[in-house]
$ cat my_file_11.txt   # compact mmCIF, N, CA and C atoms
# COMPACT_ATOMS: atom_id res chain seq x y z
N MET A 1 17.31 6.98 -14.13
CA MET A 1 17.52 6.36 -12.83
C MET A 1 16.36 6.75 -11.90
N ILE A 2 15.84 5.81 -11.18
CA ILE A 2 14.69 6.05 -10.30
C ILE A 2 15.19 6.48 -8.92
N GLY A 3 14.59 7.55 -8.38
CA GLY A 3 14.98 8.07 -7.07
C GLY A 3 14.21 7.37 -5.95
N MET A 4 14.49 7.81 -4.73
CA MET A 4 13.87 7.19 -3.55
C MET A 4 12.35 7.33 -3.58
N ILE A 5 11.83 8.47 -4.02
CA ILE A 5 10.37 8.64 -4.09
C ILE A 5 9.78 7.62 -5.05
N GLY A 6 10.42 7.39 -6.19
CA GLY A 6 9.96 6.39 -7.14
C GLY A 6 10.01 4.98 -6.58
N ILE A 7 11.08 4.68 -5.86
CA ILE A 7 11.23 3.35 -5.24
C ILE A 7 10.12 3.14 -4.20
N LEU A 8 9.90 4.15 -3.34
CA LEU A 8 8.86 4.03 -2.32
C LEU A 8 7.47 3.95 -2.95
N SER A 9 7.23 4.72 -4.01
CA SER A 9 5.93 4.70 -4.68
C SER A 9 5.65 3.37 -5.35
N SER A 10 6.69 2.67 -5.75
CA SER A 10 6.53 1.38 -6.43
C SER A 10 6.47 0.22 -5.45
N ALA A 11 6.78 0.46 -4.19
CA ALA A 11 6.79 -0.60 -3.19
C ALA A 11 5.37 -1.04 -2.85
N PHE A 12 5.24 -2.31 -2.46
CA PHE A 12 3.96 -2.88 -2.07
C PHE A 12 3.67 -2.45 -0.64
N GLY A 13 2.57 -1.71 -0.43
CA GLY A 13 2.28 -1.22 0.91
C GLY A 13 0.82 -1.03 1.23
N VAL A 14 -0.01 -1.98 0.80
CA VAL A 14 -1.44 -1.90 1.13
C VAL A 14 -1.61 -1.95 2.65
N SER A 15 -2.58 -1.23 3.17
CA SER A 15 -2.82 -1.17 4.61
C SER A 15 -2.77 -2.56 5.23
N GLY A 16 -1.95 -2.70 6.26
CA GLY A 16 -1.78 -3.97 6.93
C GLY A 16 -0.62 -4.78 6.38
N CYS A 17 -0.06 -4.38 5.25
CA CYS A 17 1.06 -5.09 4.61
C CYS A 17 2.15 -4.09 4.20
N GLU A 18 2.54 -3.24 5.13
CA GLU A 18 3.50 -2.18 4.81
C GLU A 18 4.96 -2.60 4.99
N ASP A 19 5.23 -3.88 5.19
CA ASP A 19 6.59 -4.34 5.50
C ASP A 19 7.62 -3.89 4.47
N GLU A 20 7.30 -3.99 3.18
CA GLU A 20 8.25 -3.62 2.15
C GLU A 20 8.60 -2.13 2.21
N VAL A 21 7.59 -1.31 2.42
CA VAL A 21 7.81 0.13 2.54
C VAL A 21 8.64 0.43 3.79
N ARG A 22 8.27 -0.19 4.90
CA ARG A 22 8.99 0.03 6.16
C ARG A 22 10.46 -0.35 6.02
N ASP A 23 10.74 -1.48 5.39
CA ASP A 23 12.12 -1.93 5.21
C ASP A 23 12.92 -0.96 4.35
N LEU A 24 12.30 -0.42 3.31
CA LEU A 24 12.98 0.56 2.45
C LEU A 24 13.30 1.84 3.22
N ILE A 25 12.35 2.31 4.01
CA ILE A 25 12.57 3.53 4.79
C ILE A 25 13.68 3.29 5.81
N LEU A 26 13.61 2.16 6.51
CA LEU A 26 14.63 1.84 7.51
C LEU A 26 16.03 1.81 6.90
N LYS A 27 16.15 1.17 5.76
CA LYS A 27 17.44 1.05 5.08
C LYS A 27 18.01 2.44 4.77
N ASP A 28 17.15 3.36 4.37
CA ASP A 28 17.58 4.68 3.95
C ASP A 28 17.81 5.64 5.12
N ILE A 29 17.05 5.50 6.21
CA ILE A 29 17.06 6.51 7.27
C ILE A 29 17.86 6.11 8.51
N GLN A 30 18.07 4.82 8.70
CA GLN A 30 18.63 4.32 9.95
C GLN A 30 19.97 4.98 10.32
N SER A 31 20.83 5.19 9.36
CA SER A 31 22.14 5.77 9.66
C SER A 31 22.06 7.26 10.03
N HIS A 32 20.93 7.91 9.81
CA HIS A 32 20.75 9.32 10.12
C HIS A 32 20.06 9.55 11.46
N CYS A 33 19.65 8.48 12.14
CA CYS A 33 18.87 8.60 13.36
C CYS A 33 19.66 8.15 14.58
N ASP A 34 19.32 8.74 15.73
CA ASP A 34 19.91 8.30 16.98
C ASP A 34 19.23 7.03 17.49
N THR A 35 17.91 6.96 17.33
CA THR A 35 17.18 5.74 17.70
C THR A 35 16.11 5.46 16.65
N VAL A 36 15.84 4.18 16.46
CA VAL A 36 14.78 3.74 15.54
C VAL A 36 14.06 2.59 16.22
N GLU A 37 12.74 2.67 16.25
CA GLU A 37 11.96 1.55 16.78
C GLU A 37 10.68 1.38 15.98
N THR A 38 10.13 0.20 16.04
CA THR A 38 8.85 -0.10 15.41
C THR A 38 7.88 -0.48 16.52
N ASP A 39 6.74 0.20 16.57
CA ASP A 39 5.78 -0.11 17.63
C ASP A 39 4.91 -1.30 17.26
N SER A 40 3.97 -1.65 18.13
CA SER A 40 3.15 -2.85 17.92
C SER A 40 2.22 -2.75 16.71
N MET A 41 1.98 -1.53 16.22
CA MET A 41 1.14 -1.33 15.04
C MET A 41 1.96 -1.30 13.75
N GLY A 42 3.28 -1.37 13.87
CA GLY A 42 4.14 -1.35 12.70
C GLY A 42 4.64 0.03 12.32
N ASN A 43 4.33 1.04 13.16
CA ASN A 43 4.80 2.40 12.89
C ASN A 43 6.28 2.52 13.18
N LEU A 44 6.97 3.27 12.35
CA LEU A 44 8.38 3.59 12.60
C LEU A 44 8.45 4.83 13.46
N ILE A 45 9.27 4.80 14.49
CA ILE A 45 9.49 5.96 15.33
C ILE A 45 10.99 6.20 15.32
N CYS A 46 11.39 7.25 14.64
CA CYS A 46 12.80 7.56 14.45
C CYS A 46 13.10 8.88 15.15
N LEU A 47 14.19 8.93 15.90
CA LEU A 47 14.55 10.13 16.63
C LEU A 47 15.93 10.60 16.20
N LYS A 48 16.01 11.85 15.85
CA LYS A 48 17.30 12.50 15.57
C LYS A 48 17.39 13.65 16.56
N LYS A 49 18.35 13.56 17.47
CA LYS A 49 18.53 14.60 18.48
C LYS A 49 19.11 15.84 17.81
N GLY A 50 18.62 16.99 18.24
CA GLY A 50 19.11 18.27 17.72
C GLY A 50 20.34 18.74 18.46
N THR A 51 20.79 19.90 18.10
CA THR A 51 21.93 20.49 18.79
C THR A 51 21.46 21.22 20.03
N LYS A 52 22.33 21.36 20.97
CA LYS A 52 21.99 22.05 22.24
C LYS A 52 21.73 23.52 21.97
N GLY A 53 20.88 24.09 22.78
CA GLY A 53 20.60 25.51 22.66
C GLY A 53 19.28 25.82 21.98
N PHE A 54 18.62 24.81 21.46
CA PHE A 54 17.32 25.03 20.82
C PHE A 54 16.25 24.37 21.67
N ASP A 55 15.21 25.11 22.01
CA ASP A 55 14.14 24.54 22.84
C ASP A 55 12.93 24.11 22.02
N LYS A 56 12.97 24.29 20.73
CA LYS A 56 11.87 23.89 19.84
C LYS A 56 12.11 22.45 19.36
N LYS A 57 11.00 21.75 19.15
CA LYS A 57 11.08 20.39 18.60
C LYS A 57 10.28 20.34 17.31
N LEU A 58 10.65 19.45 16.45
CA LEU A 58 9.98 19.29 15.15
C LEU A 58 9.60 17.83 14.97
N MET A 59 8.36 17.59 14.58
CA MET A 59 7.91 16.23 14.31
C MET A 59 7.44 16.16 12.86
N LEU A 60 7.92 15.17 12.14
CA LEU A 60 7.47 14.91 10.78
C LEU A 60 6.71 13.59 10.79
N THR A 61 5.55 13.56 10.15
CA THR A 61 4.77 12.33 10.08
C THR A 61 4.38 12.06 8.63
N ALA A 62 4.17 10.80 8.33
CA ALA A 62 3.73 10.42 6.99
C ALA A 62 3.11 9.03 7.04
N HIS A 63 2.26 8.75 6.07
CA HIS A 63 1.68 7.42 5.93
C HIS A 63 2.64 6.51 5.17
N MET A 64 2.69 5.25 5.56
CA MET A 64 3.45 4.25 4.81
C MET A 64 2.53 3.42 3.93
N ASP A 65 1.24 3.42 4.25
CA ASP A 65 0.32 2.53 3.55
C ASP A 65 -0.31 3.20 2.34
N GLU A 66 -0.94 2.37 1.54
CA GLU A 66 -1.66 2.84 0.35
C GLU A 66 -2.97 2.07 0.24
N VAL A 67 -3.88 2.61 -0.54
CA VAL A 67 -5.13 1.89 -0.77
C VAL A 67 -4.84 0.68 -1.65
N GLY A 68 -5.71 -0.30 -1.58
CA GLY A 68 -5.53 -1.51 -2.37
C GLY A 68 -6.76 -2.38 -2.27
N PHE A 69 -6.57 -3.66 -2.39
CA PHE A 69 -7.67 -4.62 -2.38
C PHE A 69 -7.31 -5.83 -1.53
N ILE A 70 -8.35 -6.53 -1.06
CA ILE A 70 -8.16 -7.80 -0.37
C ILE A 70 -9.03 -8.83 -1.08
N ILE A 71 -8.46 -9.97 -1.38
CA ILE A 71 -9.20 -11.03 -2.07
C ILE A 71 -10.20 -11.63 -1.08
N SER A 72 -11.47 -11.66 -1.49
CA SER A 72 -12.53 -12.17 -0.62
C SER A 72 -13.05 -13.53 -1.08
N ASP A 73 -12.75 -13.92 -2.32
CA ASP A 73 -13.24 -15.20 -2.84
C ASP A 73 -12.48 -15.55 -4.11
N ILE A 74 -12.35 -16.84 -4.34
CA ILE A 74 -11.83 -17.35 -5.62
C ILE A 74 -12.91 -18.25 -6.19
N THR A 75 -13.42 -17.91 -7.37
CA THR A 75 -14.52 -18.68 -7.96
C THR A 75 -14.02 -20.02 -8.47
N LYS A 76 -14.95 -20.92 -8.78
CA LYS A 76 -14.57 -22.23 -9.32
C LYS A 76 -13.89 -22.10 -10.68
N ASP A 77 -14.11 -20.97 -11.37
CA ASP A 77 -13.45 -20.72 -12.65
C ASP A 77 -12.10 -20.06 -12.49
N GLY A 78 -11.70 -19.77 -11.25
CA GLY A 78 -10.39 -19.17 -10.99
C GLY A 78 -10.36 -17.66 -10.96
N TYR A 79 -11.54 -17.02 -11.01
CA TYR A 79 -11.58 -15.57 -10.92
C TYR A 79 -11.46 -15.15 -9.45
N LEU A 80 -10.85 -14.01 -9.23
CA LEU A 80 -10.70 -13.49 -7.87
C LEU A 80 -11.74 -12.40 -7.63
N ARG A 81 -12.45 -12.53 -6.53
CA ARG A 81 -13.34 -11.46 -6.10
C ARG A 81 -12.61 -10.72 -4.99
N PHE A 82 -12.84 -9.43 -4.92
CA PHE A 82 -12.07 -8.63 -3.98
C PHE A 82 -12.90 -7.49 -3.42
N MET A 83 -12.38 -6.92 -2.34
CA MET A 83 -13.00 -5.75 -1.71
C MET A 83 -11.91 -4.69 -1.55
N ALA A 84 -12.32 -3.45 -1.52
CA ALA A 84 -11.37 -2.35 -1.37
C ALA A 84 -10.84 -2.29 0.05
N VAL A 85 -9.58 -1.91 0.15
CA VAL A 85 -8.95 -1.58 1.42
C VAL A 85 -8.58 -0.11 1.31
N GLY A 86 -9.37 0.74 1.92
CA GLY A 86 -9.17 2.18 1.77
C GLY A 86 -10.18 2.75 0.80
N GLY A 87 -10.04 4.03 0.54
CA GLY A 87 -11.02 4.74 -0.27
C GLY A 87 -10.75 4.65 -1.76
N ILE A 88 -11.29 3.64 -2.40
CA ILE A 88 -11.13 3.45 -3.85
C ILE A 88 -12.50 3.59 -4.50
N ASP A 89 -12.59 4.41 -5.52
CA ASP A 89 -13.82 4.58 -6.28
C ASP A 89 -13.95 3.40 -7.24
N PRO A 90 -14.94 2.51 -7.05
CA PRO A 90 -15.06 1.31 -7.88
C PRO A 90 -15.29 1.60 -9.36
N ARG A 91 -15.72 2.81 -9.67
CA ARG A 91 -15.97 3.14 -11.08
C ARG A 91 -14.69 3.26 -11.90
N ILE A 92 -13.56 3.40 -11.24
CA ILE A 92 -12.32 3.63 -12.00
C ILE A 92 -11.39 2.43 -12.03
N VAL A 93 -11.76 1.31 -11.42
CA VAL A 93 -10.81 0.20 -11.31
C VAL A 93 -10.79 -0.75 -12.51
N VAL A 94 -11.87 -0.82 -13.28
CA VAL A 94 -11.92 -1.75 -14.41
C VAL A 94 -10.82 -1.40 -15.41
N GLY A 95 -10.05 -2.41 -15.76
CA GLY A 95 -8.95 -2.23 -16.71
C GLY A 95 -7.63 -1.86 -16.06
N LYS A 96 -7.63 -1.64 -14.75
CA LYS A 96 -6.39 -1.27 -14.06
C LYS A 96 -5.51 -2.49 -13.80
N ARG A 97 -4.22 -2.29 -13.94
CA ARG A 97 -3.25 -3.34 -13.63
C ARG A 97 -3.07 -3.42 -12.12
N VAL A 98 -2.90 -4.63 -11.62
CA VAL A 98 -2.67 -4.86 -10.20
C VAL A 98 -1.57 -5.91 -10.04
N VAL A 99 -1.01 -5.96 -8.85
CA VAL A 99 -0.12 -7.06 -8.47
C VAL A 99 -0.77 -7.75 -7.28
N ILE A 100 -0.64 -9.06 -7.25
CA ILE A 100 -1.36 -9.85 -6.25
C ILE A 100 -0.36 -10.58 -5.35
N GLY A 101 -0.48 -10.32 -4.05
CA GLY A 101 0.27 -11.04 -3.05
C GLY A 101 1.75 -10.74 -3.00
N ILE A 102 2.44 -11.48 -2.11
CA ILE A 102 3.86 -11.24 -1.90
C ILE A 102 4.70 -11.63 -3.11
N ASN A 103 4.16 -12.49 -3.96
CA ASN A 103 4.88 -12.86 -5.18
C ASN A 103 4.62 -11.89 -6.33
N LYS A 104 3.77 -10.90 -6.07
CA LYS A 104 3.45 -9.84 -7.04
C LYS A 104 3.04 -10.40 -8.41
N ILE A 105 2.07 -11.28 -8.38
CA ILE A 105 1.53 -11.87 -9.61
C ILE A 105 0.75 -10.78 -10.34
N PRO A 106 1.08 -10.52 -11.61
CA PRO A 106 0.39 -9.45 -12.34
C PRO A 106 -1.04 -9.84 -12.70
N GLY A 107 -1.91 -8.85 -12.73
CA GLY A 107 -3.30 -9.08 -13.11
C GLY A 107 -3.92 -7.80 -13.63
N VAL A 108 -5.14 -7.94 -14.15
CA VAL A 108 -5.91 -6.81 -14.64
C VAL A 108 -7.32 -6.97 -14.11
N ILE A 109 -7.93 -5.89 -13.64
CA ILE A 109 -9.29 -5.95 -13.11
C ILE A 109 -10.28 -5.90 -14.27
N GLY A 110 -11.19 -6.85 -14.27
CA GLY A 110 -12.23 -6.91 -15.29
C GLY A 110 -13.61 -6.89 -14.66
N ASP A 111 -14.63 -6.84 -15.50
CA ASP A 111 -16.01 -6.84 -15.03
C ASP A 111 -16.89 -7.42 -16.13
N LYS A 112 -18.06 -7.89 -15.75
CA LYS A 112 -19.02 -8.37 -16.74
C LYS A 112 -19.54 -7.21 -17.56
N PRO A 113 -19.77 -7.43 -18.84
CA PRO A 113 -20.44 -6.38 -19.62
C PRO A 113 -21.84 -6.15 -19.04
N PRO A 114 -22.36 -4.93 -19.12
CA PRO A 114 -23.67 -4.63 -18.52
C PRO A 114 -24.80 -5.53 -19.04
N HIS A 115 -24.73 -5.96 -20.30
CA HIS A 115 -25.82 -6.77 -20.83
C HIS A 115 -25.80 -8.20 -20.28
N PHE A 116 -24.73 -8.60 -19.59
CA PHE A 116 -24.66 -9.90 -18.92
C PHE A 116 -25.02 -9.81 -17.44
N ASP A 117 -25.18 -8.60 -16.95
CA ASP A 117 -25.45 -8.37 -15.54
C ASP A 117 -26.93 -8.52 -15.27
N THR A 118 -27.31 -9.55 -14.53
CA THR A 118 -28.74 -9.81 -14.26
C THR A 118 -29.36 -8.72 -13.38
N ASP A 119 -28.53 -8.01 -12.60
CA ASP A 119 -29.06 -6.94 -11.75
C ASP A 119 -29.50 -5.73 -12.56
N SER A 120 -28.97 -5.58 -13.78
CA SER A 120 -29.33 -4.40 -14.57
C SER A 120 -30.30 -4.74 -15.71
N GLY A 121 -30.95 -5.90 -15.62
CA GLY A 121 -31.96 -6.24 -16.62
C GLY A 121 -31.45 -7.14 -17.72
N GLY A 122 -30.17 -7.53 -17.68
CA GLY A 122 -29.63 -8.44 -18.69
C GLY A 122 -30.08 -9.86 -18.44
N LYS A 123 -29.60 -10.79 -19.26
CA LYS A 123 -29.99 -12.21 -19.12
C LYS A 123 -29.14 -12.95 -18.13
$ encode --input "my_file_11.txt" --output "structure tokens"
Amino acid sequence: MIGMIGILSSAFGVSGCEDEVRDLILKDIQSHCDTVETDSMGNLICLKKGTKGFDKKLMLTAHMDEVGFIISDITKDGYLRFMAVGGIDPRIVVGKRVVIGINKIPGVIGDKPPHFDTDSGGK
């Protein structure tokens, strides 16, 4: 059985598209909070009032977003060109599975073999 951390880790939450993650957090935390609001940037601000007699306050913060990609072009052959959103090392992405868009279309990142790359001396 998958726990909440697994559910959140599997949710689609590339920077700027954190709605799925936000909805999951809200569903799980809302009943434990006195107030819940979402600001203009999409941040969740949840308040749980403490018991009387304590003058200390505690703030917990966390990111909802994850690194990902944004499609920058679709070639005439149907290939997708993309750019990183966040800090992704391009050397490690070839062969990685991805999901694309709100319909979560599965895909795999590929690249031209070096001998086909005209920038590296190929034909």
$ residues_around --input "my_file_11.txt" --residues "Met59 (chain A)" --least-positions-apart "2" --cutoff "10 Å" --atoms "only C-alpha atoms" --output "ChimeraX atom specification"
/A:46-47,57,61
$ closest_residue --input "my_file_11.txt" --among "A:Ile25, A:Thr75, A:Asp19, A:Lys56" --to "Gly42 (chain A)" --atoms "only C-alpha atoms"
A:Asp19
$ atom_distance --input "my_file_11.txt" --atom1 "atom C of Phe69 (chain A)" --atom2 "CA of Ile100 (chain A)"
8.6 Å
$ atom_distance --input "my_file_11.txt" --atom1 "CA of Ser15 (chain A)" --atom2 "CA of Asp65 (chain A)"
5.0 Å
$ select_by_dssp --input "my_file_11.txt" --residues "chain A" --states "strand (DSSP E)" --output "number ranges by chain"
A: 35-38, 44-47, 68-74, 80-85, 97-100, 105-108
$ atom_distance --input "my_file_11.txt" --atom1 "CA of Ile88 (chain A)" --atom2 "CA of Val14 (chain A)"
12.1 Å
$ closest_residue --input "my_file_11.txt" --among "A:Ser10, A:Thr38, A:Thr118, A:Ser72" --to "Lys104 (chain A)" --atoms "only C-alpha atoms"
A:Ser10
$ closest_residue --input "my_file_11.txt" --among "A:Leu58, A:Met4, A:Asn103, A:Arg22" --to "Leu44 (chain A)" --atoms "all atoms listed in the file"
A:Arg22
$ select_by_dssp --input "my_file_11.txt" --residues "region 32-92 of chain A" --states "helix (DSSP H, G or I)" --output "list in words"
His32, Pro90, Arg91 and Ile92 of chain A
$ residues_around --input "my_file_11.txt" --residues "region 33-35 of chain A" --least-positions-apart "4" --cutoff "8 Å" --atoms "only N, CA and C atoms" --output "PyMOL selection string"
chain A and resi 28-29+45-49
$ residues_around --input "my_file_11.txt" --residues "Tyr79 (chain A)" --least-positions-apart "6" --cutoff "12 Å" --atoms "only C-alpha atoms" --output "compact mmCIF listing (two decimals) with N, CA and C atoms, in the frame of the given file"
# COMPACT_ATOMS: atom_id res chain seq x y z
N ILE A 71 -8.46 -9.97 -1.38
CA ILE A 71 -9.20 -11.03 -2.07
C ILE A 71 -10.20 -11.63 -1.08
N SER A 72 -11.47 -11.66 -1.49
CA SER A 72 -12.53 -12.17 -0.62
C SER A 72 -13.05 -13.53 -1.08
N ASP A 73 -12.75 -13.92 -2.32
CA ASP A 73 -13.24 -15.20 -2.84
C ASP A 73 -12.48 -15.55 -4.11
N GLY A 107 -1.91 -8.85 -12.73
CA GLY A 107 -3.30 -9.08 -13.11
C GLY A 107 -3.92 -7.80 -13.63
N VAL A 108 -5.14 -7.94 -14.15
CA VAL A 108 -5.91 -6.81 -14.64
C VAL A 108 -7.32 -6.97 -14.11
N ILE A 109 -7.93 -5.89 -13.64
CA ILE A 109 -9.29 -5.95 -13.11
C ILE A 109 -10.28 -5.90 -14.27
N GLY A 110 -11.19 -6.85 -14.27
CA GLY A 110 -12.23 -6.91 -15.29
C GLY A 110 -13.61 -6.89 -14.66
N ASP A 111 -14.63 -6.84 -15.50
CA ASP A 111 -16.01 -6.84 -15.03
C ASP A 111 -16.89 -7.42 -16.13
N LYS A 112 -18.06 -7.89 -15.75
CA LYS A 112 -19.02 -8.37 -16.74
C LYS A 112 -19.54 -7.21 -17.56
$ residues_around --input "my_file_11.txt" --residues "Gly13 (chain A)" --least-positions-apart "5" --cutoff "7 Å" --atoms "all atoms listed in the file" --output "ChimeraX atom specification"
/A:18-21,64-67
$ closest_residue --input "my_file_11.txt" --among "A:Gly68, A:Asp89, A:Asp39, A:Cys17" --to "Ile102 (chain A)" --atoms "only C-alpha atoms"
A:Cys17
$ build_atoms --input "my_file_11.txt" --residues "region 62-72 of chain A" --atoms "all heavy atoms" --output "PDB file, keeping the file's coordinate frame"
ATOM      1  N   ALA A  62       4.170  10.800   8.330  1.00  0.00           N
ATOM      2  CA  ALA A  62       3.730  10.420   6.990  1.00  0.00           C
ATOM      3  C   ALA A  62       3.110   9.030   7.040  1.00  0.00           C
ATOM      4  O   ALA A  62       3.397   8.240   7.936  1.00  0.00           O
ATOM      5  CB  ALA A  62       4.918  10.420   6.023  1.00  0.00           C
ATOM      6  N   HIS A  63       2.260   8.750   6.070  1.00  0.00           N
ATOM      7  CA  HIS A  63       1.680   7.420   5.930  1.00  0.00           C
ATOM      8  C   HIS A  63       2.640   6.510   5.170  1.00  0.00           C
ATOM      9  O   HIS A  63       3.307   6.947   4.243  1.00  0.00           O
ATOM     10  CB  HIS A  63       0.365   7.481   5.140  1.00  0.00           C
ATOM     11  CG  HIS A  63      -0.766   8.058   5.896  1.00  0.00           C
ATOM     12  ND1 HIS A  63      -1.581   7.291   6.686  1.00  0.00           N
ATOM     13  CD2 HIS A  63      -1.223   9.328   6.000  1.00  0.00           C
ATOM     14  CE1 HIS A  63      -2.498   8.074   7.240  1.00  0.00           C
ATOM     15  NE2 HIS A  63      -2.298   9.311   6.834  1.00  0.00           N
ATOM     16  N   MET A  64       2.690   5.250   5.560  1.00  0.00           N
ATOM     17  CA  MET A  64       3.450   4.250   4.810  1.00  0.00           C
ATOM     18  C   MET A  64       2.530   3.420   3.930  1.00  0.00           C
ATOM     19  O   MET A  64       2.974   2.761   3.017  1.00  0.00           O
ATOM     20  CB  MET A  64       4.189   3.288   5.754  1.00  0.00           C
ATOM     21  CG  MET A  64       5.374   3.878   6.441  1.00  0.00           C
ATOM     22  SD  MET A  64       6.356   2.619   7.292  1.00  0.00           S
ATOM     23  CE  MET A  64       5.271   2.117   8.603  1.00  0.00           C
ATOM     24  N   ASP A  65       1.240   3.420   4.250  1.00  0.00           N
ATOM     25  CA  ASP A  65       0.320   2.530   3.550  1.00  0.00           C
ATOM     26  C   ASP A  65      -0.310   3.200   2.340  1.00  0.00           C
ATOM     27  O   ASP A  65      -0.191   4.391   2.137  1.00  0.00           O
ATOM     28  CB  ASP A  65      -0.752   2.007   4.493  1.00  0.00           C
ATOM     29  CG  ASP A  65      -1.669   3.102   5.023  1.00  0.00           C
ATOM     30  OD1 ASP A  65      -1.290   4.279   4.996  1.00  0.00           O
ATOM     31  OD2 ASP A  65      -2.776   2.768   5.468  1.00  0.00           O
ATOM     32  N   GLU A  66      -0.940   2.370   1.540  1.00  0.00           N
ATOM     33  CA  GLU A  66      -1.660   2.840   0.350  1.00  0.00           C
ATOM     34  C   GLU A  66      -2.970   2.070   0.240  1.00  0.00           C
ATOM     35  O   GLU A  66      -3.129   1.019   0.845  1.00  0.00           O
ATOM     36  CB  GLU A  66      -0.819   2.631  -0.904  1.00  0.00           C
ATOM     37  CG  GLU A  66      -0.497   1.165  -1.180  1.00  0.00           C
ATOM     38  CD  GLU A  66       0.406   0.967  -2.370  1.00  0.00           C
ATOM     39  OE1 GLU A  66       0.394   1.807  -3.287  1.00  0.00           O
ATOM     40  OE2 GLU A  66       1.120  -0.033  -2.400  1.00  0.00           O
ATOM     41  N   VAL A  67      -3.880   2.610  -0.540  1.00  0.00           N
ATOM     42  CA  VAL A  67      -5.130   1.890  -0.770  1.00  0.00           C
ATOM     43  C   VAL A  67      -4.840   0.680  -1.650  1.00  0.00           C
ATOM     44  O   VAL A  67      -3.851   0.637  -2.377  1.00  0.00           O
ATOM     45  CB  VAL A  67      -6.207   2.797  -1.414  1.00  0.00           C
ATOM     46  CG1 VAL A  67      -6.597   3.905  -0.476  1.00  0.00           C
ATOM     47  CG2 VAL A  67      -5.746   3.348  -2.747  1.00  0.00           C
ATOM     48  N   GLY A  68      -5.710  -0.300  -1.580  1.00  0.00           N
ATOM     49  CA  GLY A  68      -5.530  -1.510  -2.370  1.00  0.00           C
ATOM     50  C   GLY A  68      -6.760  -2.380  -2.270  1.00  0.00           C
ATOM     51  O   GLY A  68      -7.880  -1.890  -2.059  1.00  0.00           O
ATOM     52  N   PHE A  69      -6.570  -3.660  -2.390  1.00  0.00           N
ATOM     53  CA  PHE A  69      -7.670  -4.620  -2.380  1.00  0.00           C
ATOM     54  C   PHE A  69      -7.310  -5.830  -1.530  1.00  0.00           C
ATOM     55  O   PHE A  69      -6.141  -6.126  -1.327  1.00  0.00           O
ATOM     56  CB  PHE A  69      -7.986  -5.107  -3.800  1.00  0.00           C
ATOM     57  CG  PHE A  69      -8.307  -4.001  -4.747  1.00  0.00           C
ATOM     58  CD1 PHE A  69      -7.363  -3.530  -5.632  1.00  0.00           C
ATOM     59  CD2 PHE A  69      -9.572  -3.417  -4.755  1.00  0.00           C
ATOM     60  CE1 PHE A  69      -7.648  -2.496  -6.512  1.00  0.00           C
ATOM     61  CE2 PHE A  69      -9.873  -2.385  -5.626  1.00  0.00           C
ATOM     62  CZ  PHE A  69      -8.909  -1.923  -6.506  1.00  0.00           C
ATOM     63  N   ILE A  70      -8.350  -6.530  -1.060  1.00  0.00           N
ATOM     64  CA  ILE A  70      -8.160  -7.800  -0.370  1.00  0.00           C
ATOM     65  C   ILE A  70      -9.030  -8.830  -1.080  1.00  0.00           C
ATOM     66  O   ILE A  70     -10.197  -8.551  -1.401  1.00  0.00           O
ATOM     67  CB  ILE A  70      -8.497  -7.704   1.132  1.00  0.00           C
ATOM     68  CG1 ILE A  70      -8.138  -9.009   1.826  1.00  0.00           C
ATOM     69  CG2 ILE A  70      -9.946  -7.312   1.357  1.00  0.00           C
ATOM     70  CD1 ILE A  70      -8.138  -8.908   3.343  1.00  0.00           C
ATOM     71  N   ILE A  71      -8.460  -9.970  -1.380  1.00  0.00           N
ATOM     72  CA  ILE A  71      -9.200 -11.030  -2.070  1.00  0.00           C
ATOM     73  C   ILE A  71     -10.200 -11.630  -1.080  1.00  0.00           C
ATOM     74  O   ILE A  71      -9.838 -12.047   0.018  1.00  0.00           O
ATOM     75  CB  ILE A  71      -8.247 -12.104  -2.615  1.00  0.00           C
ATOM     76  CG1 ILE A  71      -7.350 -11.479  -3.685  1.00  0.00           C
ATOM     77  CG2 ILE A  71      -9.033 -13.298  -3.169  1.00  0.00           C
ATOM     78  CD1 ILE A  71      -6.227 -12.365  -4.165  1.00  0.00           C
ATOM     79  N   SER A  72     -11.470 -11.660  -1.490  1.00  0.00           N
ATOM     80  CA  SER A  72     -12.530 -12.170  -0.620  1.00  0.00           C
ATOM     81  C   SER A  72     -13.050 -13.530  -1.080  1.00  0.00           C
ATOM     82  O   SER A  72     -13.710 -14.218  -0.311  1.00  0.00           O
ATOM     83  CB  SER A  72     -13.687 -11.172  -0.556  1.00  0.00           C
ATOM     84  OG  SER A  72     -14.196 -10.917  -1.859  1.00  0.00           O
TER      85      SER A  72
END
